[in-house]
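Have a look at the structure below before the remarks.
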Amino acid sequence: MDGLQVVAEPRRRAILQLVWSQELAAGDIAAHFDVSFPAVSQHLGVLRDAGFVSVRREGRTRLYSANLKALGPLRPMLEKMWTEKLDRLVTLIEKETR
Amino acid sequence: MSDELVLERRVSAPPDKVFTYFTEPDKWLAWQGTEAEMELVAGGLWRVNVTGQGFASGRVVEVVENERVVFTWGWERGPAVPPGSTTVAIELVPEAMGH
């Protein structure tokens, strides 16, 4: 899954927002949503694999927080987006200028 | 973010013509988005409803007629790439032959 697909899912965006400025255990995160714990856990796994959240172990608890340097995984997404838009723009300008 | 992404394109059109596609809402919408607001002064609001992706917005940093437009950019929804987290600088460099 690329960065865009990872953050395209609304619940994953909500989770990311939740841990943006605080460290939370999976259970605390799950308590904010009306879906099952395994579902939240799966989203956390996807966010972690993509590098958007970091995990720190404290005793038996795993604490999640947003990885604020994570624009890295989004770089290819931004590059793809601007490339497509610029290509469309160049085609358009040349068509209208001709 | 000190990360820089550079994209270059050659366009067979004069710079003043190309400039309008970055500064006039109607022209901007011809290549991306369904609604656009552009206050073309330093500090002015820049906001576009990007087709299928929601609002992207930012602040205008610099405008130099027919040469340069700089604004901050980011998605309003969701914490990933929020407004202000990236800066877009558009530079138009004319080539010989007037293009």
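To be explicit about the labels: the chains of the structure tokens are called A, B, and onward in the order shown, and within each one the residues are counted from 1, while ligands get numbers from 1 in the order they are shown.
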Practice item. Extract the full set of strand (DSSP E or B) residues from chain B according to DSSP on the backbone, and format it as a PyMOL selection string. Key: chain B and resi 35-38+45-50+54-64+68-75+86-91
Restrict the calculation to only C-alpha atoms, then for each residue of chain A with any atom at most 12 Å from an atom of chain B give the closest atom pair and their distance in Å to one decimal, rows by chain and rising residue number, as a Markdown table.
| residue | atom | partner | partner_atom | distance |
| --- | --- | --- | --- | --- |
| A:Gly3 | CA | B:Ala80 | CA | 9.4 |
| A:Leu4 | CA | B:Ala80 | CA | 9.4 |
| A:Gln5 | CA | B:Ala80 | CA | 11.8 |
| A:Val6 | CA | B:Ala80 | CA | 10.2 |
| A:Val7 | CA | B:Ala80 | CA | 7.2 |
| A:Ala8 | CA | B:Gly78 | CA | 9.2 |
| A:Glu9 | CA | B:Gly78 | CA | 10.2 |
| A:Pro10 | CA | B:Gly78 | CA | 8.3 |
| A:Arg11 | CA | B:Gly78 | CA | 10.1 |
| A:Arg12 | CA | B:Gly78 | CA | 9.3 |
| A:Arg13 | CA | B:Gly78 | CA | 5.6 |
| A:Ala14 | CA | B:Gly78 | CA | 7.1 |
| A:Ile15 | CA | B:Pro79 | CA | 9.7 |
| A:Leu16 | CA | B:Pro79 | CA | 6.8 |
| A:Gln17 | CA | B:Pro79 | CA | 5.7 |
| A:Leu18 | CA | B:Pro79 | CA | 9.4 |
| A:Val19 | CA | B:Pro79 | CA | 10.1 |
| A:Trp20 | CA | B:Pro79 | CA | 7.6 |
| A:Ser21 | CA | B:Pro79 | CA | 10.6 |
| A:Leu47 | CA | B:Ala80 | CA | 11.5 |
| A:Gly51 | CA | B:Ala80 | CA | 11.9 |
| A:Phe52 | CA | B:Ala80 | CA | 8.8 |
| A:Val53 | CA | B:Ala80 | CA | 11.4 |
| A:Ala66 | CA | B:Pro79 | CA | 9.6 |
| A:Asn67 | CA | B:Ala80 | CA | 10.4 |
| A:Leu68 | CA | B:Ala80 | CA | 9.2 |
| A:Lys69 | CA | B:Met1 | CA | 8.0 |
| A:Ala70 | CA | B:Ala80 | CA | 8.3 |
| A:Leu71 | CA | B:Val81 | CA | 6.9 |
| A:Gly72 | CA | B:Asp3 | CA | 8.3 |
| A:Pro73 | CA | B:Ala80 | CA | 10.3 |
| A:Leu74 | CA | B:Val81 | CA | 8.0 |
| A:Arg75 | CA | B:Leu5 | CA | 8.2 |
| A:Pro76 | CA | B:Leu5 | CA | 9.6 |
| A:Met77 | CA | B:Val81 | CA | 10.6 |
| A:Leu78 | CA | B:Leu5 | CA | 8.8 |
| A:Glu79 | CA | B:Leu5 | CA | 7.1 |
| A:Lys80 | CA | B:Leu7 | CA | 10.5 |
| A:Met81 | CA | B:Gln32 | CA | 10.6 |
| A:Trp82 | CA | B:Leu7 | CA | 8.1 |
| A:Thr83 | CA | B:Leu7 | CA | 7.2 |
| A:Glu84 | CA | B:Trp31 | CA | 10.0 |
| A:Lys85 | CA | B:Trp31 | CA | 6.8 |
| A:Leu86 | CA | B:Arg9 | CA | 7.8 |
| A:Asp87 | CA | B:Arg9 | CA | 8.0 |
| A:Arg88 | CA | B:Trp31 | CA | 6.3 |
| A:Leu89 | CA | B:Trp31 | CA | 5.4 |
| A:Val90 | CA | B:Val11 | CA | 6.0 |
| A:Thr91 | CA | B:Val11 | CA | 8.5 |
| A:Leu92 | CA | B:Trp31 | CA | 7.4 |
| A:Ile93 | CA | B:Val18 | CA | 7.0 |
| A:Glu94 | CA | B:Ser12 | CA | 6.1 |
| A:Lys95 | CA | B:Ser12 | CA | 9.6 |
| A:Glu96 | CA | B:Ala13 | CA | 9.3 |
| A:Thr97 | CA | B:Ala13 | CA | 6.4 |
| A:Arg98 | CA | B:Ala13 | CA | 8.5 |
Point to revise | Close residues, segment 73-76 of chain B itself excluded, 7 Å, only C-alpha atoms, min 4 positions apart in chain, as a list in words | key: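 Close residues of segment 73-76 of chain B: Phe55, Ala56, Ser57, Gly58, Val81, Pro82, Pro83, Gly84, Ser85, Thr86, Thr87 and Val88 of chain B.
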Atoms kept (N, CA and C atoms) for selection, written as a PDB file, in the first residue's frame:
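Wrote again.pdb, looks like this:
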ATOM      1  N   PHE B  55     -10.489  19.804  -0.181  1.00  0.00           N
ATOM      2  CA  PHE B  55      -9.808  21.098  -0.256  1.00  0.00           C
ATOM      3  C   PHE B  55      -8.323  21.036   0.084  1.00  0.00           C
ATOM      4  N   ALA B  56      -7.545  21.702  -0.759  1.00  0.00           N
ATOM      5  CA  ALA B  56      -6.140  21.943  -0.451  1.00  0.00           C
ATOM      6  C   ALA B  56      -6.063  23.453  -0.262  1.00  0.00           C
ATOM      7  N   SER B  57      -5.299  23.903   0.732  1.00  0.00           N
ATOM      8  CA  SER B  57      -5.194  25.339   0.908  1.00  0.00           C
ATOM      9  C   SER B  57      -3.835  25.741   1.432  1.00  0.00           C
ATOM     10  N   GLY B  58      -3.616  27.047   1.451  1.00  0.00           N
ATOM     11  CA  GLY B  58      -2.358  27.571   1.947  1.00  0.00           C
ATOM     12  C   GLY B  58      -2.382  29.080   1.872  1.00  0.00           C
ATOM     13  N   VAL B  81       0.133  15.714   5.483  1.00  0.00           N
ATOM     14  CA  VAL B  81       0.327  16.866   4.582  1.00  0.00           C
ATOM     15  C   VAL B  81      -0.720  17.972   4.841  1.00  0.00           C
ATOM     16  N   PRO B  82      -0.756  18.508   6.067  1.00  0.00           N
ATOM     17  CA  PRO B  82      -1.716  19.588   6.354  1.00  0.00           C
ATOM     18  C   PRO B  82      -1.281  20.902   5.705  1.00  0.00           C
ATOM     19  N   PRO B  83      -2.220  21.877   5.583  1.00  0.00           N
ATOM     20  CA  PRO B  83      -1.857  23.174   5.013  1.00  0.00           C
ATOM     21  C   PRO B  83      -0.639  23.745   5.738  1.00  0.00           C
ATOM     22  N   GLY B  84       0.271  24.302   4.992  1.00  0.00           N
ATOM     23  CA  GLY B  84       1.469  24.877   5.607  1.00  0.00           C
ATOM     24  C   GLY B  84       2.632  23.905   5.681  1.00  0.00           C
ATOM     25  N   SER B  85       2.355  22.615   5.454  1.00  0.00           N
ATOM     26  CA  SER B  85       3.431  21.636   5.580  1.00  0.00           C
ATOM     27  C   SER B  85       4.302  21.537   4.332  1.00  0.00           C
ATOM     28  N   THR B  86       3.786  22.022   3.208  1.00  0.00           N
ATOM     29  CA  THR B  86       4.625  22.039   2.005  1.00  0.00           C
ATOM     30  C   THR B  86       4.544  23.421   1.364  1.00  0.00           C
ATOM     31  N   THR B  87       5.546  23.751   0.578  1.00  0.00           N
ATOM     32  CA  THR B  87       5.563  25.018  -0.145  1.00  0.00           C
ATOM     33  C   THR B  87       5.728  24.713  -1.629  1.00  0.00           C
ATOM     34  N   VAL B  88       4.861  25.303  -2.438  1.00  0.00           N
ATOM     35  CA  VAL B  88       4.929  25.100  -3.878  1.00  0.00           C
ATOM     36  C   VAL B  88       5.473  26.387  -4.505  1.00  0.00           C
TER      37      VAL B  88
END
Exercise for review: Show which residues sit within 12 Å of Thr61 of chain A, as a list of chain:residue names. Count only C-alpha atoms, and ignore same-chain residues fewer than 2 positions away.
Suggested key: A:Glu23, A:Leu24, A:Ala25, A:Ala26, A:Gly27, A:Asp28, A:Val55, A:Arg56, A:Arg57, A:Glu58, A:Gly59, A:Leu63, A:Tyr64
Exercise for review: Using DSSP on the backbone coordinates, identify the residues of chain A assigned to alpha helix (DSSP H); present them as a PyMOL selection string.
Suggested key: chain A and resi 3-8+10-18+26-30+37-49+71-97
